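So the structure is just underneath, and the comments pick up after that.
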Amino acid sequence: MQVTLLQQWVGVAAAMMLLVVFALLAQRHMHALLRWFALQGIVLALTSALVANVADVPELYISAILALILKGVLLPWMLWRIVINLGMHREVEPLVNVSVTLLIGAALVLFSFYVSLPIEKLSQLVTRNTIAIALACVLLSMLMMITRRKAITQVVGFLAMENALFFTATSTTYGMPLLVEIGVAFDVLIAALVFGLFFFQIRKTFDSLNLEDLEDRQ
Amino acid sequence: MSLWIWNLIEALLIIGMAPFTATLVKRLKARLQNRRGPPLLQGYRNLAKLFIKQPVLASQASWLFRAAPYVIFAATSLAAAIMPVILVATPLTSAADIIALVALLALARFFTALGAMDVGTAFGGMGASREMTFAALTEPALLMSIFVLSMVAHSTNMTAMIDIVLNTGLGLRPSLAFALAALGLVTIAETGRIPVDNPATHLELTMVHEAMILEYSGRYLALIEWANQIKLLLFATLILNLFFPWGMAGSPDPLYMVIAAVAWFGKLLVLFVLLALFETWMAKMRIFRVPEYLGLAFLLAILGMLTHYILEVGV
């Protein structure tokens with residue numbers, strides 16, 4: 001099968017998604033983390049738009065625009081405001097050392113490649129070879145949630161996972177039905193608002209956003 | 001037979017031009033920092049001065065200390081001879097593949113560390129231990145990033161690897177971009193450039209390479225410094241010829257050779273300007289951050305390999 005240039009661009013975009021997730025994992029500073037998170041939203045929108053073009057699925061353009069506005073601008077901006085209001089400028093504190101986390105991440109990519117091989121054989125879509133990368137992005141975001149101490153980095157991990165799921169949907173089935181996608185997008189927006197309230201409540205009650213302190217009070 | 005002569009010319013070109021290019025980087029860097037920098041022939045003058053001077057040896061220095069510079073220089077020069085510079089297919093390249101090239105550089109490094117530890121000064125031992133710690137991290141990253149390209153070409157032979165980049169429409173391969181980024185990071189670490197090591201001074205406690213050769217003087221020092229300059233040029237050529245081989249001569253026709261040499265030098269100039277910019281832009285990092293930096297290079301190489309399998313093989 002001849003691979004067109006645009007299809008190769010989809011591959012490049014998928015590789016960029018993977019790189020951005022790794023950058024999120026490796027980040028030490030809160031502000032840089034949020035910048036990478038915004039970049040992830042933009043890359044996600046770009047990937048959706050590319051897939052929409054390659055596979056000729058015009059609905060995906062709408063989800064691309066939705067992703068760009070919501071995940072590339074609005075959510076990072078909200079998190080940014082929360083970080084500023086909470087006065088968190090210090091470094092992100094991972095539970096596991098960064099280099100080890102990255103190596104675990106590389107192993108996760110290998111694992112998801114192995115797992116998704118049979119799925120790729122069944123699929124007929126042009127984006128079938130990005131399924132492994134999409135799955136890897138989901139697992140890596142989950143790894144980020146697990147290995148962080150602060151509530152806010154865990155939330156960034158959660159939102160990154162949502163981005164990765166969106167990407168998975170795009171690469172496995174050319175996206176979810178538009179109605180579902182819009183619904184999920186607004187759910188995430190509301191979730192981010194609720195998280196923001198939670199942060200303030202947690203800090204008011206426990207004087208820190210460090211989740212280990214919550215366990216100590218039991 | 002004439003191919004062997006071309007191969008010899010290429011090797012001599014790298015060895016002969018190394019002091020010039022090293023001075024060129026210094027001068028570009030100086031220019032970026034509003035200094036004038038050394039004249040372009042300063043590299044040769046320094047080497048000539050060191051060759052004339054009588055070496056001073058520590059009283060405890062064994063034969064190993066005296067033999068090490070020759071081994072280092074010989075191994076690096078041989079590595080330079082393996083590397084196809086202008087001509088794609090040279091006889092030595094078919095005799096030794098890229099793993100041999102990395103092994104020769106490892107041999108040179110091993111003898112640098114041995115020479116450093118031989119006299120038993122604190123600095124030598126410290127530099128050697130640091131160098132070997134970093135080497136344990138750079139070498140896998142270096143090999144991994146090269147293997148990405150060998151997997152694309154299905155060969156570790158450099159001629160085959162260059163051929164595949166030259167002759168087939170590579171298209172957009174994210175794996176090669178990852179491999180190039182990894183190789184760039186490794187090159188900076190291997191040649192002791194700024195975020196990892198500072199080539200301009202031996203007055204820092206964080207020095208690595210300079211700490212190892214602190215005890216050397218005279219012609220021994222000249223050989224080691226020359227070998228180091230060859231290494232810089234060799235790594236630059238490795239990046240250029242493996243990833244951007246356009247312009248290299250396919251046959252030993254003098255006209256093509258001249259064009260290829262000019263193209264090589266032009267690409268080299270661009271790369272060195274980038275290197276000087278990078279060195280001016282970066283600050284030297286803490287020594288304990290270096291493993292993290294090299295871990296990043298290793299990770300990028302692994303990602304290159306995985307994306308090659310995931311995105312490019314199945315299609």
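Here, A, B, ... name the chains of the structure tokens in the order displayed, residue numbers run from 1 inside each chain, and ligands are numbered from 1 in the same displayed order.
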Contacts of A:Pro94 within 8 Å, only C-alpha atoms, excl. fewer than 4 positions in-chain, as a PyMOL selection string: chain A and resi 98+147-149
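Those residues of chain B that fall within 8 Å of chain A when using only C-alpha atoms read Gly171, Leu172, Arg173, Pro174, Glu292, Gly295, Leu296, Leu299, Ile302, Leu303, Leu306, Thr307, Ile310, Leu311, Gly314 and Val315 of chain B.
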As a PyMOL selection string, please: all residues of stretch 15-193 of chain A that backbone DSSP puts in helix (DSSP H, G or I). chain A and resi 15-26+30-55+59-86+98-122+128-146+151-173+178-193
Excluding same-chain residues fewer than 3 positions from stretch 256-272 of chain B, what lies within 9 Å of it counting only C-alpha atoms, as JSON, numbers by chain? {"B": [21, 24, 25, 28, 85, 86, 87, 233, 236, 237, 240, 241, 244, 245, 246, 247, 248, 249, 250, 251, 252, 253, 275, 276, 277]}
Export N, CA, C and O atoms of the chosen residues as an mmCIF file, in the first residue's frame?
data_model
loop_
_atom_site.group_PDB
_atom_site.id
_atom_site.type_symbol
_atom_site.label_atom_id
_atom_site.label_comp_id
_atom_site.auth_asym_id
_atom_site.auth_seq_id
_atom_site.Cartn_x
_atom_site.Cartn_y
_atom_site.Cartn_z
ATOM 1 N N THR B 21 39.098 23.056 12.339
ATOM 2 C CA THR B 21 37.669 23.135 12.662
ATOM 3 C C THR B 21 37.460 23.422 14.143
ATOM 4 O O THR B 21 36.527 24.143 14.506
ATOM 5 N N LEU B 24 37.866 26.910 14.549
ATOM 6 C CA LEU B 24 36.718 27.589 13.930
ATOM 7 C C LEU B 24 35.555 27.685 14.922
ATOM 8 O O LEU B 24 34.938 28.742 15.071
ATOM 9 N N VAL B 25 35.269 26.560 15.611
ATOM 10 C CA VAL B 25 34.186 26.579 16.598
ATOM 11 C C VAL B 25 34.492 27.595 17.682
ATOM 12 O O VAL B 25 33.635 28.386 18.088
ATOM 13 N N LEU B 28 33.920 31.073 16.274
ATOM 14 C CA LEU B 28 32.491 31.377 16.124
ATOM 15 C C LEU B 28 31.871 31.702 17.481
ATOM 16 O O LEU B 28 31.090 32.638 17.623
ATOM 17 N N VAL B 85 33.629 10.180 4.298
ATOM 18 C CA VAL B 85 33.507 11.635 4.434
ATOM 19 C C VAL B 85 32.944 12.246 3.159
ATOM 20 O O VAL B 85 31.953 12.968 3.167
ATOM 21 N N ILE B 86 33.606 11.928 2.033
ATOM 22 C CA ILE B 86 33.232 12.540 0.767
ATOM 23 C C ILE B 86 32.648 11.483 -0.165
ATOM 24 O O ILE B 86 31.626 11.683 -0.795
ATOM 25 N N LEU B 87 33.321 10.329 -0.174
ATOM 26 C CA LEU B 87 32.900 9.229 -1.034
ATOM 27 C C LEU B 87 31.981 8.318 -0.220
ATOM 28 O O LEU B 87 32.256 8.047 0.950
ATOM 29 N N LEU B 233 35.357 16.587 14.988
ATOM 30 C CA LEU B 233 35.083 16.616 13.553
ATOM 31 C C LEU B 233 34.424 15.315 13.105
ATOM 32 O O LEU B 233 33.530 15.307 12.255
ATOM 33 N N ALA B 236 30.779 15.327 14.100
ATOM 34 C CA ALA B 236 30.037 16.245 13.227
ATOM 35 C C ALA B 236 29.799 15.580 11.873
ATOM 36 O O ALA B 236 28.693 15.619 11.329
ATOM 37 N N THR B 237 30.842 14.930 11.326
ATOM 38 C CA THR B 237 30.709 14.256 10.040
ATOM 39 C C THR B 237 29.733 13.097 10.127
ATOM 40 O O THR B 237 28.963 12.839 9.201
ATOM 41 N N LEU B 240 26.274 14.550 9.982
ATOM 42 C CA LEU B 240 25.979 15.101 8.652
ATOM 43 C C LEU B 240 25.817 14.003 7.624
ATOM 44 O O LEU B 240 24.875 13.999 6.836
ATOM 45 N N ASN B 241 26.747 13.030 7.633
ATOM 46 C CA ASN B 241 26.730 12.051 6.558
ATOM 47 C C ASN B 241 25.669 10.988 6.736
ATOM 48 O O ASN B 241 25.196 10.425 5.759
ATOM 49 N N PHE B 244 22.168 13.740 6.742
ATOM 50 C CA PHE B 244 22.051 14.679 5.619
ATOM 51 C C PHE B 244 23.127 14.390 4.584
ATOM 52 O O PHE B 244 24.017 15.215 4.377
ATOM 53 N N PRO B 245 23.106 13.221 3.944
ATOM 54 C CA PRO B 245 24.237 12.872 3.080
ATOM 55 C C PRO B 245 24.180 13.511 1.704
ATOM 56 O O PRO B 245 25.040 13.222 0.878
ATOM 57 N N TRP B 246 23.210 14.373 1.448
ATOM 58 C CA TRP B 246 23.047 14.895 0.104
ATOM 59 C C TRP B 246 24.285 15.665 -0.324
ATOM 60 O O TRP B 246 24.779 16.517 0.415
ATOM 61 N N GLY B 247 24.767 15.351 -1.511
ATOM 62 C CA GLY B 247 25.978 15.988 -2.022
ATOM 63 C C GLY B 247 27.181 15.065 -2.009
ATOM 64 O O GLY B 247 28.185 15.354 -2.640
ATOM 65 N N MET B 248 27.081 13.938 -1.290
ATOM 66 C CA MET B 248 28.236 13.025 -1.241
ATOM 67 C C MET B 248 28.457 12.375 -2.600
ATOM 68 O O MET B 248 27.516 12.113 -3.341
ATOM 69 N N ALA B 249 29.727 12.097 -2.902
ATOM 70 C CA ALA B 249 30.075 11.561 -4.213
ATOM 71 C C ALA B 249 29.819 10.062 -4.260
ATOM 72 O O ALA B 249 30.235 9.323 -3.377
ATOM 73 N N GLY B 250 29.099 9.611 -5.298
ATOM 74 C CA GLY B 250 28.827 8.194 -5.448
ATOM 75 C C GLY B 250 29.983 7.449 -6.094
ATOM 76 O O GLY B 250 30.190 6.267 -5.862
ATOM 77 N N SER B 251 30.745 8.149 -6.935
ATOM 78 C CA SER B 251 31.866 7.492 -7.604
ATOM 79 C C SER B 251 33.099 8.389 -7.473
ATOM 80 O O SER B 251 32.976 9.597 -7.296
ATOM 81 N N PRO B 252 34.281 7.792 -7.547
ATOM 82 C CA PRO B 252 35.501 8.578 -7.325
ATOM 83 C C PRO B 252 35.893 9.434 -8.536
ATOM 84 O O PRO B 252 37.029 9.396 -8.995
ATOM 85 N N ASP B 253 34.969 10.197 -9.028
ATOM 86 C CA ASP B 253 35.259 11.120 -10.118
ATOM 87 C C ASP B 253 35.751 12.431 -9.498
ATOM 88 O O ASP B 253 35.083 12.973 -8.612
ATOM 89 N N LEU B 275 26.261 24.693 16.742
ATOM 90 C CA LEU B 275 26.936 24.260 17.968
ATOM 91 C C LEU B 275 27.358 25.468 18.794
ATOM 92 O O LEU B 275 27.156 25.514 20.016
ATOM 93 N N ALA B 276 27.938 26.477 18.118
ATOM 94 C CA ALA B 276 28.394 27.676 18.829
ATOM 95 C C ALA B 276 27.210 28.403 19.459
ATOM 96 O O ALA B 276 27.278 28.864 20.601
ATOM 97 N N LEU B 277 26.093 28.479 18.727
ATOM 98 C CA LEU B 277 24.884 29.111 19.266
ATOM 99 C C LEU B 277 24.406 28.373 20.504
ATOM 100 O O LEU B 277 24.095 28.974 21.532
#
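For the pair atom CA of B:Lys53 and atom CA of B:Ala68, the interatomic distance is 18.5 Å.
Among the candidates B:Leu149, B:Leu183, B:Met126, B:Leu105, the one nearest to B:Leu205 when counting only C-alpha atoms is B:Met126.
Nearest residue to A:Val156, choosing from A:Ser208, A:Ser141, A:Thr170, A:Thr101 and counting only C-alpha atoms: A:Ser141.
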Write out as number ranges by chain each polymer residue whose atoms come within 6 Å of B:Gly304, counting only C-alpha atoms; drop sequence neighbours fewer than 3 positions from it. B: 175, 178-179, 301, 307
Atom CA of B:Ala22 to atom CA of B:Glu215 measures 22.1 Å
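Taking atom CA of A:Leu66 as the reference point, atom CA of A:Val180 is found at 12.6 Å.
Excluding A:Asn210 and any residue on its chain fewer than 6 positions from it, the residues at most 9 Å away by only C-alpha atoms are Arg149, Lys150, Ala151 and Arg203 of chain A.
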Have a look at A:Ile182, A:Ala38, A:Ile190, A:Ala169 and name the one nearest to A:Val21; count only C-alpha atoms. A:Ala38
